[in-house]
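Next comes run-v6.cif, with mmCIF, C-alpha atoms.
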data_protein
loop_
_atom_site.label_atom_id
_atom_site.label_comp_id
_atom_site.auth_asym_id
_atom_site.auth_seq_id
_atom_site.Cartn_x
_atom_site.Cartn_y
_atom_site.Cartn_z
CA MET A 241 30.39 -88.14 -74.08
CA ASN A 242 28.86 -88.55 -77.53
CA PRO A 243 25.73 -90.41 -78.60
CA THR A 244 26.25 -93.94 -79.99
CA ASN A 245 25.02 -95.22 -83.33
CA GLU A 246 22.54 -97.69 -81.83
CA GLN A 247 21.22 -94.92 -79.61
CA ALA A 248 20.79 -92.56 -82.55
CA GLN A 249 18.98 -95.23 -84.58
CA THR A 250 16.64 -96.01 -81.70
CA CYS A 251 15.93 -92.30 -81.18
CA LEU A 252 15.09 -91.89 -84.85
CA ARG A 253 12.66 -94.81 -84.74
CA VAL A 254 11.08 -93.75 -81.44
CA CYS A 255 10.51 -90.18 -82.65
CA GLN A 256 9.00 -91.39 -85.91
CA MET A 257 6.67 -93.76 -84.02
CA LEU A 258 5.57 -90.96 -81.72
CA SER A 259 4.97 -88.74 -84.74
CA ASN A 260 2.92 -91.50 -86.42
CA CYS A 261 0.76 -91.63 -83.28
CA TYR A 262 0.17 -87.84 -83.34
CA ARG A 263 2.26 -87.24 -80.22
CA ASP A 264 4.10 -83.92 -80.40
CA ILE A 265 7.68 -84.06 -79.25
CA GLN A 266 7.99 -81.31 -76.67
CA LEU A 267 11.57 -81.86 -75.59
CA PHE A 268 14.52 -83.85 -76.97
CA ARG A 269 17.80 -83.73 -75.09
CA PHE A 270 21.06 -85.68 -75.14
CA ASN A 271 22.64 -85.48 -71.69
CA ALA A 272 26.41 -85.51 -72.19
CA GLN A 273 26.99 -86.32 -68.54
CA THR A 274 24.89 -89.49 -68.34
CA GLY A 275 25.02 -90.32 -72.06
CA GLU A 276 21.24 -90.78 -72.12
CA VAL A 277 18.67 -89.23 -74.44
CA TYR A 278 15.53 -87.81 -72.86
CA ILE A 279 12.36 -87.43 -74.88
CA PHE A 280 9.19 -85.76 -73.63
CA ALA A 281 6.19 -86.13 -75.94
CA GLY A 282 2.45 -85.50 -75.85
CA GLU A 283 0.92 -84.87 -72.45
CA GLU A 284 2.76 -87.33 -70.24
CA LEU A 285 5.01 -89.52 -72.39
CA GLN A 286 8.62 -89.61 -71.28
CA ILE A 287 11.16 -91.92 -72.85
CA ILE A 288 14.80 -92.63 -72.01
CA VAL A 289 17.15 -94.01 -74.66
CA SER A 290 20.36 -95.43 -73.22
CA ARG A 291 23.77 -95.63 -74.88
CA ASN A 292 23.33 -99.28 -75.89
CA GLY A 293 20.14 -98.47 -77.82
CA LEU A 294 17.82 -99.96 -75.21
CA TRP A 295 14.95 -97.71 -74.22
CA ARG A 296 12.24 -97.47 -71.55
CA PHE A 297 9.30 -95.34 -70.48
CA LEU A 298 10.09 -93.15 -67.50
CA ASN A 299 6.85 -94.18 -65.89
CA GLU A 300 5.30 -97.62 -66.25
CA ALA A 301 2.58 -97.12 -63.67
CA GLU A 302 -0.11 -96.06 -66.15
CA LEU A 303 -0.19 -99.40 -67.99
CA MET B 28 19.78 -68.48 -58.48
CA LYS B 29 18.61 -71.93 -59.46
CA PRO B 30 15.56 -73.37 -57.74
CA ASN B 31 15.82 -76.51 -55.65
CA PHE B 32 14.74 -79.17 -58.15
CA GLU B 33 14.60 -81.92 -55.53
CA ALA B 34 11.92 -80.01 -53.65
CA MET B 35 9.74 -79.45 -56.74
CA SER B 36 6.76 -81.64 -57.52
CA THR B 37 7.03 -83.51 -60.81
CA ALA B 38 4.35 -81.26 -62.32
CA GLU B 39 6.26 -78.14 -61.29
CA LEU B 40 9.52 -79.56 -62.56
CA LYS B 41 7.94 -80.35 -65.96
CA VAL B 42 6.77 -76.78 -66.28
CA TYR B 43 10.25 -75.55 -65.34
CA VAL B 44 12.00 -77.88 -67.78
CA LEU B 45 9.77 -76.90 -70.70
CA SER B 46 10.68 -73.28 -70.18
CA HIS B 47 14.41 -73.98 -69.54
CA ARG B 48 15.20 -76.48 -72.25
CA ASP B 49 18.96 -76.33 -71.91
CA ASP B 50 19.04 -76.75 -68.14
CA ASP B 51 20.57 -80.23 -68.02
CA GLU B 52 20.48 -80.39 -64.26
CA ALA B 53 16.71 -79.83 -64.19
CA ILE B 54 16.09 -82.22 -67.09
CA ARG B 55 18.27 -84.88 -65.46
CA ASN B 56 16.38 -84.48 -62.21
CA LEU B 57 13.02 -84.87 -63.98
CA PHE B 58 14.20 -87.99 -65.81
CA SER B 59 15.69 -89.44 -62.64
CA ARG B 60 12.16 -89.86 -61.25
CA ARG B 61 11.84 -93.33 -62.72
CA ASN B 62 9.05 -95.69 -61.87
CA PRO B 63 10.16 -98.43 -61.44
CA PRO B 64 13.95 -97.96 -61.12
CA ASP B 65 16.13 -99.05 -64.06
CA SER B 66 16.94 -102.44 -62.55
CA GLU B 67 13.24 -103.41 -62.45
CA ALA B 68 12.07 -101.60 -65.58
CA THR B 69 10.88 -103.05 -68.88
CA TRP B 70 13.71 -102.18 -71.28
CA TYR B 71 12.90 -102.47 -74.96
CA GLY B 72 15.64 -103.79 -77.22
CA PRO B 73 17.77 -101.66 -79.57
CA MET B 74 16.25 -101.12 -83.01
CA SER B 75 19.47 -101.52 -84.96
CA THR B 76 22.79 -103.33 -84.77
CA PRO B 77 25.94 -101.24 -84.11
CA ASP B 78 26.55 -101.11 -87.87
CA GLY B 79 23.06 -99.81 -88.56
CA LEU B 80 21.08 -102.89 -89.65
CA PRO B 81 17.47 -102.72 -88.43
CA ILE B 82 16.33 -105.33 -85.88
CA GLU B 83 12.82 -105.97 -87.18
CA GLU B 84 11.47 -107.84 -84.15
CA ASN B 85 12.47 -105.04 -81.75
CA ILE B 86 11.00 -102.42 -84.10
CA ARG B 87 7.69 -104.28 -84.14
CA ILE B 88 7.62 -104.55 -80.34
CA ALA B 89 8.49 -100.85 -80.02
CA GLU B 90 5.73 -99.85 -82.43
CA GLU B 91 3.20 -101.81 -80.43
CA ALA B 92 4.36 -100.32 -77.10
CA ILE B 93 4.42 -96.74 -78.37
CA ARG B 94 1.03 -97.13 -80.05
CA LYS B 95 -0.50 -98.35 -76.76
CA ARG B 96 1.06 -95.62 -74.67
CA SER B 97 0.10 -92.98 -77.22
CA GLU B 98 -3.53 -94.07 -77.01
CA ILE B 99 -3.49 -93.61 -73.24
CA ASP B 100 -1.76 -90.28 -73.70
CA ARG B 101 -4.34 -89.13 -76.23
CA GLY B 102 -6.96 -89.96 -73.60
CA ASN B 103 -5.14 -87.57 -71.27
CA THR B 104 -5.23 -84.87 -73.95
CA GLU B 105 -8.95 -85.37 -74.52
CA TYR B 106 -9.52 -85.14 -70.79
CA THR B 107 -7.73 -81.79 -70.85
CA HIS B 108 -10.08 -80.61 -73.59
CA GLN B 109 -13.16 -81.87 -71.77
CA THR B 110 -12.23 -79.80 -68.76
CA MET B 111 -12.71 -76.51 -70.63
CA THR B 112 -14.68 -74.14 -68.44
CA GLN B 113 -17.08 -71.70 -70.08
CA VAL B 114 -18.08 -68.42 -68.40
CA THR B 115 -21.21 -66.75 -69.82
CA SER B 116 -21.46 -63.01 -70.53
CA GLU B 117 -24.26 -62.79 -67.93
CA GLU B 118 -21.94 -64.23 -65.30
CA ILE B 119 -19.17 -61.83 -66.27
CA ALA B 120 -21.61 -58.90 -65.96
CA GLN B 121 -22.74 -60.14 -62.55
CA TYR B 122 -19.17 -60.49 -61.22
CA ARG B 123 -18.30 -57.07 -62.61
CA ALA B 124 -21.15 -55.38 -60.82
CA GLU B 125 -20.42 -57.18 -57.58
CA LEU B 126 -16.65 -56.69 -57.61
CA ALA B 127 -16.36 -53.21 -59.12
CA ASP B 128 -14.03 -52.11 -56.30
CA TYR B 129 -11.25 -54.50 -57.25
CA PRO B 130 -9.20 -53.45 -60.30
CA GLU B 131 -7.38 -56.82 -60.40
CA VAL B 132 -10.70 -58.63 -60.60
CA LEU B 133 -12.05 -56.30 -63.29
CA GLU B 134 -8.91 -56.79 -65.33
CA ALA B 135 -9.22 -60.56 -65.06
CA LEU B 136 -12.88 -60.36 -66.10
CA ASN B 137 -11.89 -58.28 -69.14
CA VAL B 138 -9.43 -60.97 -70.14
CA ILE B 139 -12.05 -63.70 -69.68
CA GLU B 140 -14.45 -61.69 -71.84
CA LYS B 141 -11.80 -61.21 -74.53
CA CYS B 142 -11.24 -64.98 -74.50
CA GLU B 143 -14.96 -65.41 -75.18
CA GLY B 144 -15.55 -66.88 -71.76
CA ASN B 145 -12.95 -69.66 -72.09
CA LEU B 146 -11.51 -69.75 -68.59
CA GLU B 147 -8.46 -71.86 -69.44
CA ASP B 148 -7.39 -69.56 -72.29
CA ALA B 149 -7.89 -66.55 -70.04
CA THR B 150 -5.83 -68.23 -67.33
CA LEU B 151 -2.92 -68.61 -69.73
CA VAL B 152 -3.11 -64.92 -70.68
CA LEU B 153 -3.30 -63.80 -67.04
CA ALA B 154 -0.45 -66.12 -66.06
CA ARG B 155 1.73 -64.77 -68.86
CA ARG B 156 1.03 -61.22 -67.71
CA ALA B 157 1.95 -62.18 -64.13
CA ARG B 158 5.10 -63.87 -65.51
CA ILE B 159 4.07 -67.33 -64.39
CA GLU B 160 5.20 -70.22 -66.57
CA VAL B 161 2.37 -72.57 -67.50
CA VAL B 162 1.98 -75.63 -69.67
CA ARG B 163 -1.62 -76.58 -68.93
CA ALA B 164 -4.13 -74.18 -67.49
CA PRO B 165 -6.24 -76.79 -65.64
CA LYS B 166 -3.17 -77.94 -63.75
CA LEU B 167 -2.33 -74.39 -62.71
CA LEU B 168 -5.93 -73.75 -61.66
CA ASP B 169 -6.00 -77.00 -59.69
CA GLU B 170 -2.74 -76.13 -57.98
CA TYR B 171 -3.86 -72.60 -57.04
CA ALA B 172 -7.28 -73.82 -55.97
CA LYS B 173 -5.57 -76.21 -53.57
CA GLN B 174 -3.64 -73.33 -52.05
CA LEU B 175 -6.91 -71.47 -51.40
CA ARG B 176 -8.69 -74.55 -50.17
CA ASP B 177 -8.58 -73.68 -46.48
CA VAL B 178 -10.27 -70.35 -47.14
CA LEU B 179 -12.76 -71.38 -49.82
CA CYS B 180 -14.04 -74.41 -47.95
CA ARG B 181 -14.75 -72.47 -44.75
CA LYS B 182 -18.42 -72.67 -43.96
CA GLU B 183 -18.97 -68.89 -43.91
CA PHE B 184 -17.50 -68.44 -47.39
CA ARG B 185 -18.80 -71.62 -48.91
CA GLU B 186 -22.43 -70.54 -48.79
CA ASP B 187 -21.71 -67.27 -50.61
CA LEU B 188 -19.69 -69.05 -53.23
CA LEU B 189 -22.45 -71.58 -53.79
CA ASN B 190 -24.73 -68.64 -54.56
CA ASN B 191 -22.12 -67.36 -57.03
CA SER B 192 -21.44 -64.40 -54.77
CA PHE B 193 -17.72 -63.64 -54.50
CA ASN B 194 -17.83 -60.32 -52.66
CA VAL B 195 -17.09 -61.52 -49.13
CA VAL B 196 -14.40 -63.99 -50.12
CA VAL B 197 -12.64 -61.51 -52.40
CA ALA B 198 -12.70 -58.87 -49.66
CA TYR B 199 -11.16 -61.38 -47.26
CA LEU B 200 -8.48 -62.46 -49.76
CA PHE B 201 -7.45 -58.88 -50.52
CA ILE B 202 -7.04 -58.15 -46.81
CA ASN B 203 -5.28 -61.46 -46.11
CA PRO B 204 -3.21 -61.93 -49.27
CA PRO B 205 -3.02 -65.61 -50.22
CA THR B 206 0.04 -67.47 -51.50
CA ILE B 207 -1.23 -67.18 -55.08
CA PRO B 208 -0.86 -64.00 -57.20
CA LEU B 209 -3.82 -61.63 -56.80
CA ALA B 210 -4.31 -61.63 -60.57
CA MET B 211 -5.16 -65.33 -60.39
CA ILE B 212 -7.82 -65.12 -57.69
CA THR B 213 -10.67 -64.46 -60.13
CA PRO B 214 -10.07 -67.41 -62.49
CA VAL B 215 -9.49 -69.72 -59.53
CA LEU B 216 -12.75 -68.71 -57.81
CA ILE B 217 -14.74 -69.18 -61.01
CA TYR B 218 -12.99 -72.48 -61.67
CA VAL B 219 -13.77 -73.89 -58.24
CA THR B 220 -17.43 -72.84 -58.23
CA LYS B 221 -17.94 -74.22 -61.74
CA ARG B 222 -16.36 -77.50 -60.70
CA GLY B 223 -18.84 -77.89 -57.86
CA LEU B 224 -17.57 -76.45 -54.63
CA ASN B 225 -19.01 -78.95 -52.17
CA LYS B 226 -17.65 -81.97 -53.97
CA TRP B 227 -14.26 -80.29 -54.37
CA CYS B 228 -14.06 -79.40 -50.68
CA GLU B 229 -14.92 -82.96 -49.69
CA ASP B 230 -12.65 -84.64 -52.25
CA SER B 231 -9.47 -82.64 -51.94
#

Will you turn the file into C-alpha cells for me?
Amino acid sequence: MNPTNEQAQTCLRVCQMLSNCYRDIQLFRFNAQTGEVYIFAGEELQIIVSRNGLWRFLNEAEL
Amino acid sequence: MKPNFEAMSTAELKVYVLSHRDDDEAIRNLFSRRNPPDSEATWYGPMSTPDGLPIEENIRIAEEAIRKRSEIDRGNTEYTHQTMTQVTSEEIAQYRAELADYPEVLEALNVIEKCEGNLEDATLVLARRARIEVVRAPKLLDEYAKQLRDVLCRKEFREDLLNNSFNVVVAYLFINPPTIPLAMITPVLIYVTKRGLNKWCEDS
C-alpha cells in the first residue's frame, strides 16, 4: 500500500504546524499494512493521518 | 525474540518504539491504543483536495487544534524540567562515607558527581551503561521507585531513609536483590527521599 496525495498533503501541514509550535517530531512512520501515517511529537503528542487525509489525535482525554 | 507488546504499558511501549523505529508491529500496537476508538473520535478534515488544492477552512481548524494541544504538551515538558533533582556535594560525600562497601553505589555516586549533582542526567548515564533504554529519566525513576515501594515504605527502613541514612536499606537490597538493576538503586533511593518519602509512600 502506498500513501495517498491527500494523506501526504495533510502530513506536510501537520508536521509544519507542529514545528511552528516548537514540538519536535520524534517519530514519523507510514505503515504499509494499515495505510496510516503515525506521528509522535513533543512529549505526548501522537497523531494518526488516514488514507483519506482525515487525521486525529491518538488520545483525546487530555483536552 | 520480540517482546510481548500487548503486555507492555504504554510508557514502556513508547520507550521501545523510540529505540526500534522500524518495528512496525510495535508502532502499530502503540497507535492502536486509541482513546476514544476511531468511530467516536474527533476526525479533522483533509487539508487538500485529491488534486492538491488547499482546503483553507480545514487548515485553519487544524492550526487551532495543534496550537492548543502543543500548549498542553509544552506544559508537560516544563513539568519534566521542574522535576530536576539536585544532589549537593555534601550529600554525595555523606553517602560515599556511609556506603563505602558497595562498589555499585560508589560508581553511581561518581556519575552523579560528574553530572554536577543533576540526578536525572546521572540516571540517563547509568541507564545507558546498564543497557536500559530510556526516554525520560523521571519516568524511569518513578517506575523503579514503584518496584521498590514495598521495601522502602516498610516502617523499619522508612525512618532511616527519612534521616538520609541508606546503609540498612542498601544492605538489605544487596542481600535480597530487587527487580531493578543494582546500578539503579542509588539514584532511585536519592530520588525517593528527595521527593518526600512519607507522602510518596501514602500516595502511591

Each chain A residue no farther than 6 Å from chain B, nearest pair in Å, only C-alpha atoms, as JSON lines:
{"residue": "A:Glu246", "atom": "CA", "partner": "B:Pro77", "partner_atom": "CA", "distance": 5.4}
{"residue": "A:Thr250", "atom": "CA", "partner": "B:Met74", "partner_atom": "CA", "distance": 5.3}
{"residue": "A:Gly293", "atom": "CA", "partner": "B:Pro73", "partner_atom": "CA", "distance": 4.3}
{"residue": "A:Leu294", "atom": "CA", "partner": "B:Pro73", "partner_atom": "CA", "distance": 4.7}
{"residue": "A:Trp295", "atom": "CA", "partner": "B:Tyr71", "partner_atom": "CA", "distance": 5.2}
{"residue": "A:Arg296", "atom": "CA", "partner": "B:Trp70", "partner_atom": "CA", "distance": 4.9}
{"residue": "A:Leu298", "atom": "CA", "partner": "B:Arg61", "partner_atom": "CA", "distance": 5.1}
{"residue": "A:Asn299", "atom": "CA", "partner": "B:Asn62", "partner_atom": "CA", "distance": 4.8}

Selection to disk with C-alpha atoms, as a PDB file, in the coordinates of the input:
ATOM      1  CA  GLU A 246      22.540 -97.690 -81.830  1.00  0.00           C
ATOM      2  CA  THR A 250      16.640 -96.010 -81.700  1.00  0.00           C
ATOM      3  CA  GLY A 293      20.140 -98.470 -77.820  1.00  0.00           C
ATOM      4  CA  LEU A 294      17.820 -99.960 -75.210  1.00  0.00           C
ATOM      5  CA  TRP A 295      14.950 -97.710 -74.220  1.00  0.00           C
ATOM      6  CA  ARG A 296      12.240 -97.470 -71.550  1.00  0.00           C
ATOM      7  CA  LEU A 298      10.090 -93.150 -67.500  1.00  0.00           C
ATOM      8  CA  ASN A 299       6.850 -94.180 -65.890  1.00  0.00           C
TER       9      ASN A 299
END

Can you spell out as a PyMOL selection string the set of residues that the PyMOL selection byres ((chain A and resi 267-271) around 12) selects in the structure I just provided?
(chain A and resi 241-244+247-248+251-252+254-255+263-266+272-291) or (chain B and resi 41-42+44-56+58)

Create the file for the chosen residues now, containing C-alpha atoms and written as a CSV table (one decimal), in the frame of the given file.
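The new file again19.csv reads:
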chain,number,residue,atom,x,y,z
A,241,MET,CA,30.4,-88.1,-74.1
A,242,ASN,CA,28.9,-88.6,-77.5
A,243,PRO,CA,25.7,-90.4,-78.6
A,244,THR,CA,26.2,-93.9,-80.0
A,247,GLN,CA,21.2,-94.9,-79.6
A,248,ALA,CA,20.8,-92.6,-82.6
A,251,CYS,CA,15.9,-92.3,-81.2
A,252,LEU,CA,15.1,-91.9,-84.8
A,254,VAL,CA,11.1,-93.8,-81.4
A,255,CYS,CA,10.5,-90.2,-82.6
A,263,ARG,CA,2.3,-87.2,-80.2
A,264,ASP,CA,4.1,-83.9,-80.4
A,265,ILE,CA,7.7,-84.1,-79.2
A,266,GLN,CA,8.0,-81.3,-76.7
A,272,ALA,CA,26.4,-85.5,-72.2
A,273,GLN,CA,27.0,-86.3,-68.5
A,274,THR,CA,24.9,-89.5,-68.3
A,275,GLY,CA,25.0,-90.3,-72.1
A,276,GLU,CA,21.2,-90.8,-72.1
A,277,VAL,CA,18.7,-89.2,-74.4
A,278,TYR,CA,15.5,-87.8,-72.9
A,279,ILE,CA,12.4,-87.4,-74.9
A,280,PHE,CA,9.2,-85.8,-73.6
A,281,ALA,CA,6.2,-86.1,-75.9
A,282,GLY,CA,2.4,-85.5,-75.8
A,283,GLU,CA,0.9,-84.9,-72.4
A,284,GLU,CA,2.8,-87.3,-70.2
A,285,LEU,CA,5.0,-89.5,-72.4
A,286,GLN,CA,8.6,-89.6,-71.3
A,287,ILE,CA,11.2,-91.9,-72.8
A,288,ILE,CA,14.8,-92.6,-72.0
A,289,VAL,CA,17.2,-94.0,-74.7
A,290,SER,CA,20.4,-95.4,-73.2
A,291,ARG,CA,23.8,-95.6,-74.9
B,41,LYS,CA,7.9,-80.4,-66.0
B,42,VAL,CA,6.8,-76.8,-66.3
B,44,VAL,CA,12.0,-77.9,-67.8
B,45,LEU,CA,9.8,-76.9,-70.7
B,46,SER,CA,10.7,-73.3,-70.2
B,47,HIS,CA,14.4,-74.0,-69.5
B,48,ARG,CA,15.2,-76.5,-72.2
B,49,ASP,CA,19.0,-76.3,-71.9
B,50,ASP,CA,19.0,-76.8,-68.1
B,51,ASP,CA,20.6,-80.2,-68.0
B,52,GLU,CA,20.5,-80.4,-64.3
B,53,ALA,CA,16.7,-79.8,-64.2
B,54,ILE,CA,16.1,-82.2,-67.1
B,55,ARG,CA,18.3,-84.9,-65.5
B,56,ASN,CA,16.4,-84.5,-62.2
B,58,PHE,CA,14.2,-88.0,-65.8

For CA of Leu40 (chain B) and CA of Lys173 (chain B), the interatomic separation in Å (one decimal):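 Value for the CA of Leu40 (chain B)-CA of Lys173 (chain B) distance: 17.9 Å.
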
- Query: Which neighbours of Thr206 (chain B) fall inside 12 Å, counting only C-alpha atoms, when residues of the same chain fewer than 5 positions from it are skipped, and could you give them as a ChimeraX atom specification?
  - Reply: /B:170-178,200-201,211-212

#### Entry: Two-atom distance - CA of Thr220 (chain B), CA of Asn191 (chain B) (Å)
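Separating CA of Thr220 (chain B) from CA of Asn191 (chain B) is a distance of 7.3 Å.
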
Pairwise distance, CA of Ala38 (chain B) with CA of Arg222 (chain B), equals 21.1 Å

Go ahead and fit an axis-aligned box to every listed atom of region 275-286 of chain A plus 4 Å each side, and pass me the centre and edge lengths in Å, one decimal, as AutoDock Vina command-line options.
--center_x 13.0 --center_y -87.8 --center_z -73.1 --size_x 32.1 --size_y 13.9 --size_z 13.7

| request: Can you turn the PyMOL selection byres ((chain B and resi 214) around 12) into a concrete residue list for this file, as number ranges by chain? | output: B: 112-114, 119, 122, 131-140, 144-154, 164-165, 167-169, 171-172, 193, 197, 207-213, 215-221

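You can rank B:Pro30, B:Glu143, B:Arg156, B:Val196 by their closest distance to Glu183 (chain B) using all atoms listed in the file, and at the top of that list sits B:Val196.
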